[in-house]
Amino acid sequence: MTDTERGSPYAPHTVAETRSMLDEVGVENEEALFDVPESVRFDGQFGIEARSEPATRREARRTLARNDDLVSFLGRGHYAHEVPSVVADLASRSEFLTSYTQYQPEVAQGFLQALFEYQSMLVELTGLEIANCSMHDRATALGEAATLATRVRETSGSTVLVPELVRDEQLAVLENYAHGGDLSIETVPATDGTVDLDALEDVIDDEVVMVYAENPTVRGTIEENLEAIGDLADAHDALFCLGSDPVALALLEEPASVGADVVVGDAGTLGLGQAYGMGHGLFATRADFLRQVPGRLVGASTDESGRRAYTLTLQTREQHIRRERATSNICTNQAWVALRTAMHVAWLGPDGLLELAEDCVRNARELAARIDEIDGLRAPVHDRHHFREFVVATDQPADVIREGLHEEGFAIHAIGEHRLQLCVTDANEHATDRLVAALREVA
Amino acid sequence: MHYDQARWADDEAYESLLVEKREATVEPGGSEDAPLPDDLTRDSLSLPAPAEPELARHYTRLSQETYGVTSGPFPLGSCTMKYNPPLLEDVAADPAAAVHPDRPVETIQGTLEVMATLQDWLGRIGGMDAVTLQPPAGAAGEYTGLLIAKAYHEDHGNDRDEVIIPDSAHGTNFASAAMAGFDVVELPSAEDGRVDMDALAAAVGESTAALMLTNPNTLGLFERDIETIADVVHDAGGLLYYDGANLNALLGRARPGDMGFDVMHYNVHKTFATPHGGGGPGAGPVGVVSDLAPYLPEPHVREVRSASASDYELYEPEASIGKVHGFHGNWLVLLKAYAYIRRLGDEGLADASAKAVLNANYLAEQIDLEIPYGPFHHEFVASAGDRDAIDVAKHMLDFGVHPPTTKWPELVSEALMTEPTEVESKDTLDRLAAAFAAASAAEASELQDAPQRTTAGRIDQVEAARNPRLSWHALDGAE
């Protein structure tokens, strides 16, 4: 029996050990070790009751059971493909889970190699030369791209251009990053769900430091003018930043081939599953900007015996060395999610990943066609090619349909008074027949 | 003490995942099977394609070449590498937790209840009136707190553009201040390693937006003058920011809110045992006093009580700074922190700090190196003396322990910043002390040749930086 019966279950001290350690230190009790003035002492009463392990598990399960069990056809920037069991199993190996950022690379070769593989996969998918280990999410990666743009541009500028069709939340994050860098944000109008090229040409000038576009867009449409957007950015010495994800990148135009300077996105789309918006920020860029990249980079080197070895490198860019002149404040990132993404990509292989991406086009097209046949619904609203998701026009108020489907066990987006949005992936494809049947009833 | 880390590098098949790739070709547009026209697609894609059993072995081997808390002691100063209970993973793996961020609030009351409860608990633990869970890491928390400070000052008609930071602070403090658009004023430490009160008095003024402090500081010392410091900063119209990296030293003994701090972040991946995962994800919730609550990021979770039940909703605080994460932060990490705090409760949390501080003090007694500053709490900074701290650290690896943080903070020459946490037993601490002793007594040549028993020997950092090879395209034998 230990003295920690009412203490931390993870502190292994027996009563006798605690006593002998206190004696060794030369104090009567643990309280004597706290050099805290009386006036700011706290009595330790938070009012949080401890629970046994089973009781903690039961309580968490009971609380989470208040979440409705719905089949989700939600997308709009948070996508979750089916995670193979082997990925979840391998990622939960405790050596991976309980290790730290690789400041002692000699004992962290395994994790470093896995991150190096992740970086390599993203280099392959984007066509750009550098991918970092991760940013927090797509929105913060976009913010980091904007600050990168101000650092690499030879003349100062004042504006970041973003498409009209991006999530408000993402824009809100970008605004904070841009504000710190004295940048303002302007939006470029859309035409039928993609960037209006003429409008972009009108609004772009030499004050623009970065042009952002997404492929696919938040409405699931595929951009058809990426190269032209890249050329316009280039003509004004602005960076072209493209938002995407690893599945879309497997099929859609390679970012490097359309002139993208930076690719951001949520790479947690593979490997993590639905996580209330948690993911991990993809960040890839051109070799020219190597010294200005935010976040962690793993490089190959050799050890003293001449064998291949991996290490975090170019750390003089980072906060723990460069402090206020660092390229970013990022320290803890999403490394473990990047590990899961790499595992999932490796599990799929190029054929599997490409097939998954092609299904994102075919399934969306097929589901839109079936919905278009239902009275009172028209899909897709935009006359574009689609990836995973599409917008549906409704006769009835969209909220009524959304709520009706909720009753039937489905979650879908209502994005306007008469607009729904549906996202179909390998995670919900099995339920499309039931969804169509429910829509027929409700719409 | 004999240790050998797994080393699979000699296996010829080892790097096959990197160099042997397969190419998949996109079906040409116009053909019957083509999903899209040619001009919207790439041509081909080259990636590794291991069969599942190969994949399982590959990553199992990589895990064996990775040292974690479950491999052995991990006294990495300032990082609080405590044991990460699998209970937390179990709780987070509940399928009911796997929800989309756009789900209507009435369909995710469980998730919101967990978040509201965690907000409440963190508020109690830190002595703060309101807490946001959105920041995805500690540095993101700093950034959020500083955006709140900025908005608060702007709202009160004050143009305050300076943030004061002690020279011993974490590097993220400086970087976060710069990212939030502030100028950094560096505060020299006093001879005793704490805040120099004269220097502080000289530094504060009408431009001061905030002072950022870690308490106990990075030397493990409690800032005894904290109330006076708070008065000086507040009298000048500034705010006091608490860097929560060292909160594991104080649970149940003192709260930032009671010390006069206005805004703080918590590192749940340190204090509340969520796993570091090789560099994240973590979470950096931010707590504030009531005057600052209107500025919290949106959306914020709150409880709506009725006679029959508690319901939860999302709302936008009236003067919100906007957003610092695209959705709701690192939800699964927050869920793990919730499970940890519930498991420990008041007594467990207080005991965690008691044992963390006892362990640091006991370990310090067992090692022969000079520790110039004290009394310390959960961590101490020893000096490797005339040895290079990095050499000593590398040799410690050979004894199957993870070394301390090296060469930082710079107030101590050849610093070995050591934080054993509460999870180590007396026996393990004795083993750690023996590793300290052996490494610091080793011959110079032994130190330079260390480590010998790890997956890789000493790695050439200069080569890595001078000739950056950052993907498999840069490796020999790659296509």
# chains A, B, ... in the order shown; residues from 1 in each chain; ligands from 1
call {"tool": "select_by_dssp", "arguments": {"residues": "segment 26-258 of chain A", "states": "strand (DSSP E)", "output": "PyMOL selection string"}}
result
chain A and resi 71-72+130-131+159-163+184-188+190-191+194-195+208-214+239-244
call {"tool": "select_by_dssp", "arguments": {"residues": "segment 157-387 of chain A", "states": "alpha helix (DSSP H)", "output": "ChimeraX atom specification"}}
result
/A:168-180,197-203,226-235,246-251,319-322,335-372
call {"tool": "residues_around", "arguments": {"residues": "Asp258 of chain B", "least_positions_apart": "4", "cutoff": "8 Å", "atoms": "only C-alpha atoms", "output": "list in words"}}
result
Val40 of chain A; Gly127 and Ala254 of chain B
call {"tool": "residues_around", "arguments": {"residues": "Ala131 of chain A", "least_positions_apart": "5", "cutoff": "7 Å", "atoms": "only C-alpha atoms", "output": "PyMOL selection string"}}
result
chain A and resi 119+122-123+283-285
call {"tool": "write_last_selection", "arguments": {"atoms": "N, CA and C atoms", "output": "compact mmCIF listing (two decimals), in the first residue's frame"}}
result
# COMPACT_ATOMS: atom_id res chain seq x y z
N GLN A 119 7.47 13.88 -44.92
CA GLN A 119 7.90 15.03 -45.73
C GLN A 119 8.05 14.62 -47.20
N LEU A 122 4.78 14.21 -49.06
CA LEU A 122 4.17 15.50 -49.40
C LEU A 122 4.93 16.20 -50.52
N VAL A 123 6.24 15.98 -50.57
CA VAL A 123 7.03 16.50 -51.69
C VAL A 123 6.55 15.86 -52.99
N PHE A 283 2.20 21.93 -44.88
CA PHE A 283 2.92 23.12 -45.33
C PHE A 283 4.07 22.69 -46.22
N ALA A 284 3.99 23.01 -47.50
CA ALA A 284 5.06 22.67 -48.45
C ALA A 284 5.40 23.92 -49.24
N THR A 285 6.66 24.03 -49.61
CA THR A 285 7.05 25.22 -50.37
C THR A 285 8.27 24.94 -51.23
call {"tool": "closest_residue", "arguments": {"among": "B:Ser46, B:Thr144, B:Asn246, B:Gln452", "to": "chain A", "atoms": "only C-alpha atoms"}}
result
B:Ser46
call {"tool": "residues_around", "arguments": {"residues": "Arg340 of chain A", "least_positions_apart": "2", "cutoff": "10 Å", "atoms": "only C-alpha atoms", "output": "list of chain:residue names"}}
result
A:Val83, A:Val87, A:Ala88, A:Leu90, A:Ala91, A:Ser92, A:Ala114, A:Leu115, A:Tyr118, A:Ala267, A:Gly268, A:Leu270, A:Gly271, A:Leu272, A:Ala335, A:Trp336, A:Val337, A:Ala338, A:Ala342, A:Met343, A:His344, A:Val345, A:Ala346
call {"tool": "write_last_selection", "arguments": {"atoms": "N, CA and C atoms", "output": "CSV table (one decimal), in the first residue's frame"}}
result
chain,number,residue,atom,x,y,z
A,83,VAL,N,-10.0,5.1,-41.5
A,83,VAL,CA,-8.6,4.9,-41.1
A,83,VAL,C,-8.4,3.4,-41.0
A,87,VAL,N,-3.2,1.2,-39.1
A,87,VAL,CA,-2.7,2.6,-38.8
A,87,VAL,C,-2.9,3.0,-37.4
A,88,ALA,N,-4.2,2.8,-36.9
A,88,ALA,CA,-4.5,3.1,-35.6
A,88,ALA,C,-3.7,2.3,-34.6
A,90,LEU,N,-0.6,0.8,-35.1
A,90,LEU,CA,0.8,1.1,-35.1
A,90,LEU,C,1.1,2.5,-34.5
A,91,ALA,N,0.2,3.4,-34.8
A,91,ALA,CA,0.4,4.8,-34.2
A,91,ALA,C,0.3,4.8,-32.7
A,92,SER,N,-0.5,3.9,-32.2
A,92,SER,CA,-0.6,3.9,-30.7
A,92,SER,C,0.5,3.2,-30.0
A,114,ALA,N,10.2,8.3,-39.8
A,114,ALA,CA,8.8,8.4,-40.2
A,114,ALA,C,8.4,9.8,-40.6
A,115,LEU,N,9.0,10.8,-39.9
A,115,LEU,CA,8.6,12.2,-40.3
A,115,LEU,C,9.3,12.5,-41.7
A,118,TYR,N,7.2,11.2,-44.2
A,118,TYR,CA,6.0,12.0,-44.4
A,118,TYR,C,6.4,13.2,-45.3
A,267,ALA,N,-3.7,17.8,-43.7
A,267,ALA,CA,-3.2,16.5,-44.1
A,267,ALA,C,-3.8,15.4,-43.2
A,268,GLY,N,-4.4,15.8,-42.1
A,268,GLY,CA,-5.1,14.8,-41.2
A,268,GLY,C,-6.3,14.2,-41.8
A,270,LEU,N,-6.2,12.2,-44.0
A,270,LEU,CA,-5.8,10.8,-44.0
A,270,LEU,C,-5.1,10.5,-42.7
A,271,GLY,N,-5.6,9.4,-42.1
A,271,GLY,CA,-4.9,8.9,-40.9
A,271,GLY,C,-5.6,9.2,-39.5
A,272,LEU,N,-6.4,10.2,-39.5
A,272,LEU,CA,-6.9,10.6,-38.1
A,272,LEU,C,-8.4,10.3,-38.0
A,335,ALA,N,3.0,16.4,-34.8
A,335,ALA,CA,3.8,15.4,-35.4
A,335,ALA,C,3.2,14.0,-35.4
A,336,TRP,N,2.5,13.7,-34.3
A,336,TRP,CA,1.9,12.3,-34.2
A,336,TRP,C,0.8,12.1,-35.3
A,337,VAL,N,0.1,13.2,-35.6
A,337,VAL,CA,-0.9,13.1,-36.7
A,337,VAL,C,-0.2,12.9,-38.0
A,338,ALA,N,0.9,13.6,-38.2
A,338,ALA,CA,1.7,13.5,-39.5
A,338,ALA,C,2.2,12.0,-39.6
A,342,ALA,N,1.3,9.6,-42.7
A,342,ALA,CA,2.3,8.9,-43.5
A,342,ALA,C,2.0,7.4,-43.6
A,343,MET,N,1.5,6.8,-42.4
A,343,MET,CA,1.2,5.4,-42.4
A,343,MET,C,0.0,5.1,-43.3
A,344,HIS,N,-1.0,6.0,-43.3
A,344,HIS,CA,-2.1,5.8,-44.2
A,344,HIS,C,-1.8,5.9,-45.7
A,345,VAL,N,-0.9,6.9,-46.0
A,345,VAL,CA,-0.5,7.0,-47.4
A,345,VAL,C,0.3,5.7,-47.8
A,346,ALA,N,1.2,5.3,-46.9
A,346,ALA,CA,1.9,4.1,-47.3
A,346,ALA,C,1.0,2.9,-47.4
call {"tool": "closest_residue", "arguments": {"among": "A:Glu417, A:Glu175, A:Glu318, A:Glu106", "to": "chain B", "atoms": "only C-alpha atoms"}}
result
A:Glu106
call {"tool": "residues_around", "arguments": {"residues": "Gln319 of chain A", "least_positions_apart": "2", "cutoff": "8 Å", "atoms": "only C-alpha atoms", "output": "number ranges by chain"}}
result
A: 317, 321-331; B: 171-172, 174-175
call {"tool": "write_last_selection", "arguments": {"atoms": "C-alpha atoms", "output": "tab-separated table (two decimals), in the first residue's frame"}}
result
chain	number	residue	atom	x	y	z
A	317	ARG	CA	14.98	29.41	-38.10
A	321	ILE	CA	17.25	29.78	-31.07
A	322	ARG	CA	16.13	32.84	-33.00
A	323	ARG	CA	13.47	33.99	-30.49
A	324	GLU	CA	11.64	37.13	-31.73
A	325	ARG	CA	13.35	36.86	-35.11
A	326	ALA	CA	12.20	33.27	-35.64
A	327	THR	CA	10.18	32.37	-38.73
A	328	SER	CA	7.28	31.35	-36.45
A	329	ASN	CA	6.47	30.79	-32.78
A	330	ILE	CA	5.50	27.17	-33.45
A	331	CYS	CA	7.04	24.63	-31.11
B	171	GLY	CA	11.95	31.16	-26.82
B	172	THR	CA	8.30	30.92	-27.78
B	174	PHE	CA	9.64	36.20	-27.75
B	175	ALA	CA	8.40	34.70	-31.01
call {"tool": "residues_around", "arguments": {"residues": "Glu52 of chain B", "least_positions_apart": "3", "cutoff": "8 Å", "atoms": "only C-alpha atoms", "output": "list in words"}}
result
Val86 and Trp347 of chain A; Leu55 and Ala56 of chain B
call {"tool": "closest_residue", "arguments": {"among": "B:Ala209, B:Ala130, B:Ala474, B:Leu447", "to": "Ala116 of chain B", "atoms": "only C-alpha atoms"}}
result
B:Ala130
call {"tool": "closest_residue", "arguments": {"among": "B:Gly400, B:Pro281, B:Gly348, B:Gly68", "to": "Asn330 of chain B", "atoms": "only C-alpha atoms"}}
result
B:Pro281
